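Content type mmCIF, C-alpha atoms and all ligand atoms, from the file start-v6.cif:
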data_upload
loop_
_atom_site.label_atom_id
_atom_site.label_comp_id
_atom_site.auth_asym_id
_atom_site.auth_seq_id
_atom_site.Cartn_x
_atom_site.Cartn_y
_atom_site.Cartn_z
CA MET A 2 15.85 -5.15 140.74
CA THR A 3 13.66 -8.24 140.48
CA LEU A 4 15.39 -11.59 140.46
CA ASN A 5 14.63 -14.61 138.33
CA GLN A 6 11.43 -16.08 139.79
CA THR A 7 12.26 -19.71 139.08
CA SER A 8 15.25 -19.66 141.41
CA LEU A 9 13.62 -17.63 144.14
CA PRO A 10 13.41 -19.30 147.57
CA LYS A 11 9.83 -19.85 148.73
CA HIS A 12 10.82 -19.68 152.37
CA VAL A 13 13.65 -17.57 153.77
CA ALA A 14 14.69 -17.85 157.44
CA VAL A 15 16.89 -15.22 159.07
CA ILE A 16 19.04 -15.22 162.21
CA MET A 17 19.18 -11.50 162.90
CA ASP A 18 22.47 -11.20 164.76
CA GLY A 19 24.84 -8.34 165.58
CA ASN A 20 22.67 -5.69 167.22
CA GLY A 21 24.81 -5.52 170.36
CA ARG A 22 28.07 -5.12 168.43
CA TRP A 23 26.48 -2.48 166.21
CA ALA A 24 25.57 -0.50 169.32
CA LYS A 25 28.94 -1.06 170.99
CA ALA A 26 30.77 0.31 167.96
CA ARG A 27 28.79 3.52 168.45
CA GLN A 28 29.28 3.64 172.24
CA LYS A 29 25.56 3.11 172.65
CA PRO A 30 23.70 0.73 174.98
CA ARG A 31 22.79 -2.67 173.49
CA ARG A 32 19.13 -1.75 173.42
CA ALA A 33 19.96 0.98 170.87
CA GLY A 34 21.21 -1.78 168.59
CA HIS A 35 17.98 -3.74 168.98
CA ARG A 36 16.01 -0.60 168.24
CA ALA A 37 18.08 0.04 165.11
CA GLY A 38 17.39 -3.56 164.09
CA VAL A 39 13.68 -2.84 163.65
CA LYS A 40 14.47 -0.74 160.59
CA ALA A 41 16.28 -3.70 159.04
CA VAL A 42 13.27 -5.91 159.78
CA ARG A 43 11.03 -3.47 157.95
CA ALA A 44 13.37 -3.35 154.94
CA THR A 45 13.65 -7.14 154.83
CA VAL A 46 9.91 -7.73 155.06
CA GLU A 47 9.28 -5.19 152.30
CA GLU A 48 11.92 -6.67 150.04
CA ALA A 49 10.82 -10.26 150.64
CA ALA A 50 7.24 -9.32 149.74
CA LYS A 51 8.38 -7.36 146.71
CA GLN A 52 10.46 -10.24 145.39
CA GLY A 53 7.62 -12.72 145.85
CA VAL A 54 9.06 -14.77 148.72
CA GLU A 55 6.11 -16.66 150.24
CA VAL A 56 7.33 -17.19 153.80
CA LEU A 57 9.84 -15.20 155.89
CA THR A 58 10.79 -16.52 159.33
CA LEU A 59 12.75 -14.18 161.59
CA PHE A 60 14.60 -15.24 164.75
CA ALA A 61 13.94 -12.44 167.22
CA PHE A 62 14.54 -14.06 170.62
CA SER A 63 15.88 -17.53 171.37
CA SER A 64 15.20 -19.88 174.29
CA GLU A 65 18.80 -19.18 175.29
CA ASN A 66 18.37 -15.40 175.19
CA TRP A 67 16.46 -15.61 178.50
CA ALA A 68 19.93 -15.95 180.06
CA ARG A 69 20.83 -12.37 179.10
CA PRO A 70 20.84 -9.61 181.72
CA GLU A 71 17.32 -8.91 182.95
CA GLU A 72 17.50 -5.35 181.73
CA GLU A 73 18.23 -6.45 178.16
CA VAL A 74 15.47 -9.07 178.16
CA HIS A 75 13.09 -6.44 179.46
CA SER A 76 14.06 -3.89 176.83
CA LEU A 77 13.65 -6.50 174.07
CA MET A 78 10.15 -7.39 175.26
CA ALA A 79 9.27 -3.69 175.41
CA LEU A 80 10.62 -3.28 171.89
CA PHE A 81 8.46 -6.15 170.59
CA LEU A 82 5.40 -4.41 172.02
CA GLU A 83 6.38 -1.09 170.51
CA ALA A 84 7.21 -2.60 167.13
CA LEU A 85 3.84 -4.35 167.07
CA ARG A 86 2.07 -1.10 167.87
CA ARG A 87 3.93 0.77 165.16
CA GLU A 88 4.14 -1.81 162.39
CA VAL A 89 1.01 -3.96 162.38
CA ASP A 90 -1.21 -1.54 160.44
CA GLU A 91 1.42 -1.20 157.74
CA LEU A 92 1.90 -4.98 157.56
CA HIS A 93 -1.85 -5.37 157.26
CA ARG A 94 -2.03 -2.77 154.48
CA ASN A 95 0.67 -4.72 152.66
CA ASN A 96 -1.35 -7.96 152.89
CA VAL A 97 1.23 -9.60 155.21
CA ARG A 98 0.06 -12.38 157.54
CA LEU A 99 1.89 -12.24 160.86
CA ARG A 100 2.42 -15.22 163.09
CA VAL A 101 4.48 -15.68 166.23
CA ILE A 102 6.15 -19.01 166.96
CA GLY A 103 7.73 -19.99 170.27
CA ALA A 104 6.96 -20.73 173.92
CA ARG A 105 4.23 -18.14 174.51
CA GLU A 106 3.59 -19.44 178.00
CA LEU A 107 6.93 -17.94 179.02
CA LEU A 108 6.01 -14.46 177.80
CA ASN A 109 4.22 -11.66 179.54
CA PRO A 110 0.43 -12.15 179.10
CA GLY A 111 0.05 -8.57 177.87
CA LEU A 112 2.52 -9.22 175.07
CA VAL A 113 0.89 -12.55 174.23
CA LYS A 114 -2.45 -10.77 173.93
CA LYS A 115 -0.97 -8.23 171.48
CA PHE A 116 0.62 -11.02 169.46
CA GLY A 117 -2.78 -12.73 169.30
CA ASP A 118 -4.51 -9.50 168.24
CA ALA A 119 -1.97 -8.92 165.46
CA GLU A 120 -2.30 -12.51 164.26
CA GLU A 121 -6.07 -12.24 164.23
CA LYS A 122 -6.06 -8.93 162.41
CA THR A 123 -3.80 -10.23 159.63
CA ALA A 124 -5.08 -13.82 159.57
CA ASN A 125 -6.86 -13.56 156.22
CA ASN A 126 -4.08 -11.76 154.39
CA THR A 127 -2.86 -13.61 151.35
CA GLY A 128 0.58 -12.05 150.78
CA LEU A 129 3.81 -12.82 152.61
CA LEU A 130 3.56 -15.06 155.67
CA LEU A 131 5.83 -13.52 158.31
CA ASN A 132 6.76 -15.85 161.17
CA VAL A 133 8.48 -14.17 164.09
CA ALA A 134 10.26 -16.57 166.43
CA VAL A 135 10.13 -15.34 170.02
CA ALA A 136 11.17 -17.51 172.98
CA TYR A 137 11.83 -20.08 170.28
CA GLY A 138 14.35 -22.92 170.21
CA GLY A 139 14.70 -25.68 167.65
CA ARG A 140 15.07 -28.29 170.39
CA TRP A 141 12.00 -26.94 172.17
CA ASP A 142 10.02 -27.22 168.93
CA ILE A 143 11.04 -30.86 168.44
CA LEU A 144 10.33 -31.63 172.09
CA VAL A 145 6.83 -30.14 171.99
CA ALA A 146 6.05 -32.05 168.79
CA THR A 147 7.34 -35.28 170.34
CA LYS A 148 5.13 -34.83 173.41
CA ARG A 149 2.08 -34.24 171.22
CA ILE A 150 2.80 -37.44 169.32
CA ALA A 151 3.39 -39.36 172.57
CA ARG A 152 0.03 -38.14 173.84
CA LYS A 153 -1.70 -39.41 170.72
CA VAL A 154 -0.10 -42.80 171.24
CA ALA A 155 -1.07 -42.81 174.92
CA ASP A 156 -4.67 -41.92 173.97
CA GLY A 157 -4.75 -44.77 171.47
CA GLU A 158 -5.20 -42.43 168.49
CA ILE A 159 -2.13 -43.76 166.69
CA GLU A 160 0.31 -46.66 167.00
CA VAL A 161 4.04 -46.23 167.59
CA ASP A 162 4.64 -47.63 164.14
CA ASP A 163 2.46 -44.90 162.62
CA ILE A 164 5.04 -42.29 163.64
CA ASP A 165 7.01 -41.10 160.66
CA GLU A 166 8.74 -37.86 159.64
CA ALA A 167 5.57 -36.41 158.18
CA ARG A 168 3.61 -36.99 161.38
CA LEU A 169 6.28 -35.40 163.53
CA ALA A 170 6.64 -32.45 161.13
CA ALA A 171 2.88 -31.97 161.31
CA GLU A 172 3.14 -31.24 165.05
CA MET A 173 5.85 -28.63 164.71
CA GLN A 174 5.51 -24.84 164.76
CA LEU A 175 5.95 -24.46 161.00
CA ALA A 176 3.86 -27.50 160.06
CA ASP A 177 1.96 -25.58 157.39
CA CYS A 178 5.02 -24.00 155.73
CA PRO A 179 7.34 -25.30 153.06
CA GLU A 180 10.79 -25.95 154.54
CA PRO A 181 13.15 -22.96 154.50
CA ASP A 182 15.11 -22.99 151.25
CA LEU A 183 17.55 -20.32 152.37
CA LEU A 184 18.88 -19.50 155.83
CA ILE A 185 20.59 -16.14 156.28
CA ARG A 186 22.67 -15.23 159.33
CA THR A 187 24.08 -11.75 159.81
CA GLY A 188 26.72 -10.69 162.32
CA GLY A 189 29.61 -12.89 161.21
CA GLU A 190 28.99 -16.07 163.23
CA GLN A 191 28.49 -19.25 161.27
CA ARG A 192 26.26 -21.25 163.56
CA ILE A 193 22.60 -22.15 163.95
CA SER A 194 22.16 -21.17 167.64
CA ASN A 195 19.21 -23.55 168.09
CA PHE A 196 17.06 -22.02 165.35
CA LEU A 197 14.86 -24.24 163.15
CA LEU A 198 16.81 -27.47 163.64
CA TRP A 199 14.25 -29.81 162.12
CA ASN A 200 13.24 -27.59 159.23
CA ILE A 201 16.62 -26.52 157.86
CA ALA A 202 17.83 -30.03 157.03
CA TYR A 203 18.26 -29.01 153.38
CA ALA A 204 18.36 -25.21 153.54
CA GLU A 205 21.13 -23.35 151.71
CA LEU A 206 23.13 -21.41 154.29
CA TRP A 207 24.33 -17.85 153.67
CA PHE A 208 26.41 -15.89 156.16
CA THR A 209 27.40 -12.24 156.13
CA ASP A 210 29.59 -10.12 158.41
CA VAL A 211 27.10 -7.27 158.08
CA LEU A 212 25.54 -6.54 161.47
CA TRP A 213 21.77 -6.84 161.54
CA PRO A 214 20.97 -3.09 161.85
CA ASP A 215 22.97 -2.53 158.63
CA PHE A 216 21.20 -5.29 156.68
CA ASP A 217 19.21 -3.92 153.76
CA ALA A 218 17.67 -4.80 150.40
CA GLY A 219 21.09 -4.80 148.71
CA GLU A 220 22.47 -7.35 151.16
CA PHE A 221 19.30 -9.42 150.86
CA HIS A 222 19.81 -9.52 147.09
CA LYS A 223 23.30 -10.96 147.62
CA ALA A 224 21.76 -13.82 149.58
CA LEU A 225 19.09 -14.38 146.92
CA GLN A 226 21.75 -14.33 144.22
CA TYR A 227 23.81 -16.92 146.12
CA PHE A 228 20.71 -19.10 146.37
CA ALA A 229 19.92 -18.69 142.67
CA GLU A 230 23.35 -20.06 141.77
CA LYS A 231 23.08 -23.21 143.88
CA GLN A 232 22.23 -26.59 142.48
CA ARG A 233 20.04 -28.26 145.09
CA ARG A 234 20.67 -31.96 144.83
CA PHE A 235 18.83 -33.36 147.88
CA GLY A 236 21.13 -36.34 147.90
CA GLN A 237 20.95 -37.06 144.19
CA THR A 238 23.78 -36.63 141.71
CA GLY A 239 24.17 -33.65 139.40
CA GLU A 240 23.75 -36.03 136.44
CA GLN A 241 20.41 -37.30 137.72
CA LEU A 242 19.14 -33.76 138.04
CA ALA A 243 20.34 -32.84 134.56
CA ALA A 244 18.57 -35.91 133.13
CA ALA A 245 15.35 -35.02 134.95
CA GLU A 246 15.44 -31.53 133.45
CA CYS A 247 15.41 -32.81 129.87
C1 LIG A 301 20.71 -10.29 167.90
O1 LIG A 301 21.74 -9.41 168.22
C2 LIG A 301 19.44 -9.98 168.65
C3 LIG A 301 19.10 -10.97 169.67
C4 LIG A 301 19.74 -12.08 169.90
C5 LIG A 301 17.94 -10.71 170.47
P1 LIG A 301 22.67 -9.62 169.49
O2 LIG A 301 22.04 -8.91 170.65
O3 LIG A 301 22.96 -11.05 169.71
O4 LIG A 301 23.97 -8.85 169.04
P2 LIG A 301 25.48 -9.29 169.30
O5 LIG A 301 25.64 -10.68 168.75
O6 LIG A 301 25.72 -9.22 170.76
O7 LIG A 301 26.27 -8.27 168.52
C1 LIG A 302 20.80 -15.99 167.91
O1 LIG A 302 21.68 -14.97 168.25
C2 LIG A 302 19.42 -15.66 168.38
C3 LIG A 302 18.74 -14.57 167.68
C4 LIG A 302 19.20 -13.90 166.66
C5 LIG A 302 17.44 -14.24 168.19
P1 LIG A 302 22.58 -15.08 169.57
O2 LIG A 302 23.40 -13.85 169.60
O3 LIG A 302 21.73 -15.33 170.74
O4 LIG A 302 23.45 -16.35 169.27
P2 LIG A 302 24.80 -16.87 169.95
O5 LIG A 302 24.57 -16.88 171.43
O6 LIG A 302 25.88 -15.91 169.58
O7 LIG A 302 25.02 -18.21 169.37
MG MG A 303 24.42 -12.27 169.01
#
Mind converting the file's structure to structure tokens?
Ligand code: IPE
Ligand code: IPE
Ligand code: MG
Amino acid sequence: MTLNQTSLPKHVAVIMDGNGRWAKARQKPRRAGHRAGVKAVRATVEEAAKQGVEVLTLFAFSSENWARPEEEVHSLMALFLEALRREVDELHRNNVRLRVIGARELLNPGLVKKFGDAEEKTANNTGLLLNVAVAYGGRWDILVATKRIARKVADGEIEVDDIDEARLAAEMQLADCPEPDLLIRTGGEQRISNFLLWNIAYAELWFTDVLWPDFDAGEFHKALQYFAEKQRRFGQTGEQLAAAEC
């Protein structure tokens, strides 16, 4: 099934939640849920590319997830390495550009190196841009951008009064991307959990009880369908939009 292109989101962001509960329901360790989640990532990336979505941003590990038991953090980091090793060639073949966003300085240097290699390898691909958020927090992103701006002021490059939304946005992790049009969260919770706070100001939000390892193309279509039916008003009235369409 291919959906109507005119109402397709350019940028889809996903909070991939529910791996632990998926594993628990099967009397398996939490890491088995994370492992099962990789399959859903593959399906989602493939479907996003197939539908013509331009940017897909996946929340893989939050700034707050460092507070999980050491063993779980460790198994997640090991899984990122393994997934990179297994998936990057296929992503490259499919013309996907991979990019990691988040506080790299907090990650193991070996993993950071592999992230860099994968980014370099896929840098010139012209298909889907896949952002993977690791050690990422929306507040962290805003904070880093604010510090960069403050430094420019301190260095005399810009004046305080030159700071506007565009300048701040230009210092953020997704500066070169259109804002997410659609935010999907699996796993039943209806919260943002410190994901892209700045960028989702006007995103349509879609929640599903489906646990991340069970997410597939069919479920993704439901989200795209929901999006297609929304009138995005950006503060204007429905009448204004109707008039502008004529
Ligand atoms: C999401 O699944 C993956 C990460 C946050 C890394 P969870 O591990 O949060 O799964 P639940 O919410 O405990 O089921
Ligand atoms: C959000 O899931 C983070 C990721 C999916 C990476 P969490 O499971 O960490 O969120 P909370 O703690 O339930 O809000
Ligand atoms: Mg969770």
Set the distance at 9 Å and use only C-alpha atoms: which residues neighbour Val54 of chain A once local chain neighbours fewer than 3 positions away are removed? I'd like the list as a tab-separated table (two decimals) with C-alpha atoms, keeping the file's coordinate frame.
chain	number	residue	atom	x	y	z
A	9	LEU	CA	13.62	-17.63	144.14
A	10	PRO	CA	13.41	-19.30	147.57
A	11	LYS	CA	9.83	-19.85	148.73
A	12	HIS	CA	10.82	-19.68	152.37
A	13	VAL	CA	13.65	-17.57	153.77
A	48	GLU	CA	11.92	-6.67	150.04
A	49	ALA	CA	10.82	-10.26	150.64
A	50	ALA	CA	7.24	-9.32	149.74
A	51	LYS	CA	8.38	-7.36	146.71
A	57	LEU	CA	9.84	-15.20	155.89
A	129	LEU	CA	3.81	-12.82	152.61
A	130	LEU	CA	3.56	-15.06	155.67
For Leu112 of chain A, work out the shell of residues within 12 Å, counting all atoms listed in the file and skipping chain neighbours fewer than 2 positions away, then give it as number ranges by chain. A: 75, 77-86, 101, 105-110, 114-119, 135
Tell me, counting all atoms listed in the file, for each residue of chain A within 8 Å of ligand LIG 301 (chain A), which pair of atoms is nearest and how far apart they are in Å to one decimal, in rows ordered by chain and increasing number, as JSON lines.
{"residue": "A:Ile16", "atom": "CA", "partner": "A:LIG301", "partner_atom": "C1", "distance": 7.7}
{"residue": "A:Met17", "atom": "CA", "partner": "A:LIG301", "partner_atom": "C1", "distance": 5.4}
{"residue": "A:Asp18", "atom": "CA", "partner": "A:LIG301", "partner_atom": "C1", "distance": 3.7}
{"residue": "A:Gly19", "atom": "CA", "partner": "A:LIG301", "partner_atom": "O7", "distance": 3.3}
{"residue": "A:Asn20", "atom": "CA", "partner": "A:LIG301", "partner_atom": "O4", "distance": 3.9}
{"residue": "A:Gly21", "atom": "CA", "partner": "A:LIG301", "partner_atom": "O7", "distance": 3.6}
{"residue": "A:Arg22", "atom": "CA", "partner": "A:LIG301", "partner_atom": "O7", "distance": 3.6}
{"residue": "A:Trp23", "atom": "CA", "partner": "A:LIG301", "partner_atom": "O7", "distance": 6.2}
{"residue": "A:Ala24", "atom": "CA", "partner": "A:LIG301", "partner_atom": "O7", "distance": 7.8}
{"residue": "A:Arg31", "atom": "CA", "partner": "A:LIG301", "partner_atom": "O2", "distance": 6.9}
{"residue": "A:Gly34", "atom": "CA", "partner": "A:LIG301", "partner_atom": "O2", "distance": 7.5}
{"residue": "A:His35", "atom": "CA", "partner": "A:LIG301", "partner_atom": "C2", "distance": 6.4}
{"residue": "A:Phe60", "atom": "CA", "partner": "A:LIG301", "partner_atom": "C3", "distance": 7.9}
{"residue": "A:Ala61", "atom": "CA", "partner": "A:LIG301", "partner_atom": "C5", "distance": 5.4}
{"residue": "A:Phe62", "atom": "CA", "partner": "A:LIG301", "partner_atom": "C5", "distance": 4.8}
{"residue": "A:Ser63", "atom": "CA", "partner": "A:LIG301", "partner_atom": "C4", "distance": 6.8}
{"residue": "A:Asn66", "atom": "CA", "partner": "A:LIG301", "partner_atom": "C4", "distance": 6.4}
{"residue": "A:Leu77", "atom": "CA", "partner": "A:LIG301", "partner_atom": "C5", "distance": 7.0}
{"residue": "A:Gly188", "atom": "CA", "partner": "A:LIG301", "partner_atom": "O5", "distance": 6.5}
{"residue": "A:Leu212", "atom": "CA", "partner": "A:LIG301", "partner_atom": "O7", "distance": 7.3}
{"residue": "A:Trp213", "atom": "CA", "partner": "A:LIG301", "partner_atom": "O1", "distance": 7.2}
Pick the closest to ligand LIG 302 (chain A) from A:Ile193, A:Ala37, A:Val97, A:Val74: which is it, counting all atoms listed in the file? A:Ile193
Computed interatomic separation between atom CA of Val211 of chain A and atom CA of Gly189 of chain A (Å): 6.9 Å
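With atom CA of Ser76 of chain A on one side and atom CA of Ala218 of chain A on the other, the separation reads 26.7 Å.
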Pick out the closest residue to Asp182 of chain A from this set: A:Ser8, A:Thr209, A:Ser194, A:Asn132. Count all atoms listed in the file. A:Ser8
Starting from the incomplete input, reconstruct N, CA, C and O atoms of segment 148-162 of chain A and write that as a compact mmCIF listing (two decimals), in the coordinates of the input.
# COMPACT_ATOMS: atom_id res chain seq x y z
N LYS A 148 6.12 -34.62 172.33
CA LYS A 148 5.13 -34.83 173.41
C LYS A 148 3.72 -34.97 172.84
O LYS A 148 2.93 -35.78 173.31
N ARG A 149 3.43 -34.15 171.83
CA ARG A 149 2.08 -34.24 171.22
C ARG A 149 1.86 -35.62 170.60
O ARG A 149 0.79 -36.20 170.72
N ILE A 150 2.89 -36.11 169.94
CA ILE A 150 2.80 -37.44 169.32
C ILE A 150 2.64 -38.51 170.42
O ILE A 150 1.81 -39.41 170.31
N ALA A 151 3.45 -38.37 171.48
CA ALA A 151 3.39 -39.36 172.57
C ALA A 151 1.99 -39.40 173.18
O ALA A 151 1.47 -40.47 173.51
N ARG A 152 1.38 -38.20 173.27
CA ARG A 152 0.03 -38.14 173.84
C ARG A 152 -0.96 -38.87 172.94
O ARG A 152 -1.85 -39.57 173.44
N LYS A 153 -0.80 -38.72 171.65
CA LYS A 153 -1.70 -39.41 170.72
C LYS A 153 -1.56 -40.93 170.84
O LYS A 153 -2.54 -41.65 170.76
N VAL A 154 -0.32 -41.37 171.06
CA VAL A 154 -0.10 -42.80 171.24
C VAL A 154 -0.76 -43.25 172.55
O VAL A 154 -1.50 -44.24 172.59
N ALA A 155 -0.51 -42.46 173.61
CA ALA A 155 -1.07 -42.81 174.92
C ALA A 155 -2.60 -42.86 174.87
O ALA A 155 -3.23 -43.68 175.54
N ASP A 156 -3.20 -41.97 174.08
CA ASP A 156 -4.67 -41.92 173.97
C ASP A 156 -5.21 -42.95 172.99
O ASP A 156 -6.42 -43.00 172.74
N GLY A 157 -4.31 -43.72 172.40
CA GLY A 157 -4.75 -44.77 171.47
C GLY A 157 -5.14 -44.25 170.09
O GLY A 157 -5.73 -44.99 169.29
N GLU A 158 -4.83 -42.98 169.80
CA GLU A 158 -5.20 -42.43 168.49
C GLU A 158 -4.32 -42.98 167.38
O GLU A 158 -4.78 -43.16 166.24
N ILE A 159 -3.05 -43.19 167.69
CA ILE A 159 -2.13 -43.76 166.69
C ILE A 159 -1.25 -44.82 167.35
O ILE A 159 -1.12 -44.86 168.58
N GLU A 160 -0.64 -45.65 166.52
CA GLU A 160 0.31 -46.66 167.00
C GLU A 160 1.72 -46.10 166.88
O GLU A 160 1.97 -45.23 166.04
N VAL A 161 2.63 -46.66 167.69
CA VAL A 161 4.04 -46.23 167.59
C VAL A 161 4.54 -46.35 166.16
O VAL A 161 5.23 -45.47 165.64
N ASP A 162 4.15 -47.42 165.50
CA ASP A 162 4.64 -47.63 164.14
C ASP A 162 4.04 -46.67 163.11
O ASP A 162 4.50 -46.61 161.97
